[in-house]
Amino acid sequence: MYKKTILLTAWDDNRLIGNGSGLPWKIPRDLKLFQKRTKGHTIIFGLNTYNGLPRRPLEGRVNIVVTPEFLEIPSLARDTALIPACGVKNAIDISRFGYPKNKIFICGGASIYKQALEQDLVDEMLVSIIPGKHEGNVFFPEFPHVWDRRVIEEYNEFVVERWTKETK
């Protein structure tokens, strides 16, 4: 059975996603949504994003890190996995074949998002839209405007939009 690949991100009015050392905002509700959506599933990160996590690997998930470098595997909780991959497509294939029941979430950073979009590996995007302009230097990459989008959740601090590929 084909599992959709979901790109999961948050950006502000300028499509800012990071400040070099993490997120440019502190919104606990968005982090709780991330945890709720990804728990028990596969999350794909680039090495910089993975290394920027406050705790790693994220427990209760299959953590796949796209990296050309050696990845030290710490002792893991029983419901947690940490796997290196040589590219975004490889990471998706590892999840589809090794963990076929899991949803697949691409969780950053910018170069991983760019690869996934350029290689047409993304079926859907879930985007937390954080209002305003924040301090930072990492932006979501340019991508073709072939997506339908709609608000699926509204909170005081942000809204969540589901972006799906336009059908012709």
# chains A, B, ... in the order shown; residues from 1 in each chain; ligands from 1

$ select_by_dssp --residues "chain A" --states "strand (DSSP E or B)" --output "MDAnalysis selection string"
chainID A and resid 5:11 16:18 42:46 62:66 81:85 104:106 124:129 138:139 147:154 159:165

$ closest_residue --among "A:Leu76, A:Val65, A:Ile43, A:Leu117" --to "Ile104 of chain A" --atoms "only C-alpha atoms"
A:Ile43

$ closest_residue --among "A:Arg162, A:Lys101, A:Lys4, A:Arg15" --to "Asp123 of chain A" --atoms "only C-alpha atoms"
A:Lys4

$ closest_residue --among "A:Ser21, A:Asn156, A:Asn90, A:Thr164" --to "Leu7 of chain A" --atoms "only C-alpha atoms"
A:Thr164

$ select_by_dssp --residues "segment 39-156 of chain A" --states "helix (DSSP H, G or I)" --output "number ranges by chain"
A: 47-51, 88-98, 110-118

$ atom_distance --atom1 "atom CA of Gly108 of chain A" --atom2 "atom CA of Thr9 of chain A"
7.3 Å

$ closest_residue --among "A:Arg29, A:Arg37, A:Lys133, A:Arg149" --to "Lys103 of chain A" --atoms "only C-alpha atoms"
A:Arg37

$ closest_residue --among "A:Tyr50, A:Gly132, A:Leu82, A:Val62" --to "Arg96 of chain A" --atoms "only C-alpha atoms"
A:Val62

$ residues_around --residues "Phe139 of chain A" --least-positions-apart "5" --cutoff "7 Å" --atoms "only C-alpha atoms" --output "compact mmCIF listing (two decimals) with C-alpha atoms, in the first residue's frame"
# COMPACT_ATOMS: atom_id res chain seq x y z
CA ARG A 15 8.44 31.89 4.58
CA LEU A 16 11.12 32.05 7.30
CA ILE A 17 11.57 28.63 8.92
CA GLY A 18 14.70 28.97 11.06
CA ALA A 110 15.53 23.86 3.94

$ closest_residue --among "A:Gly20, A:Lys3, A:Asn48, A:Asn14" --to "Glu142 of chain A" --atoms "only C-alpha atoms"
A:Asn14

$ residues_around --residues "Trp147 of chain A" --least-positions-apart "6" --cutoff "8 Å" --atoms "only C-alpha atoms" --output "PyMOL selection string"
chain A and resi 163-166

$ write_last_selection --atoms "N, CA and C atoms" --output "short mmCIF file (atom, residue, chain, number, x, y, z; two decimals), in the first residue's frame"
data_model
loop_
_atom_site.label_atom_id
_atom_site.label_comp_id
_atom_site.auth_asym_id
_atom_site.auth_seq_id
_atom_site.Cartn_x
_atom_site.Cartn_y
_atom_site.Cartn_z
N TRP A 163 -1.81 21.62 2.16
CA TRP A 163 -1.54 21.89 0.76
C TRP A 163 -1.53 20.55 0.03
N THR A 164 -2.32 20.43 -1.02
CA THR A 164 -2.36 19.22 -1.81
C THR A 164 -2.08 19.58 -3.27
N LYS A 165 -1.56 18.61 -3.99
CA LYS A 165 -1.24 18.87 -5.39
C LYS A 165 -2.51 19.11 -6.18
N GLU A 166 -2.46 20.11 -7.04
CA GLU A 166 -3.61 20.40 -7.90
C GLU A 166 -3.83 19.24 -8.84
#
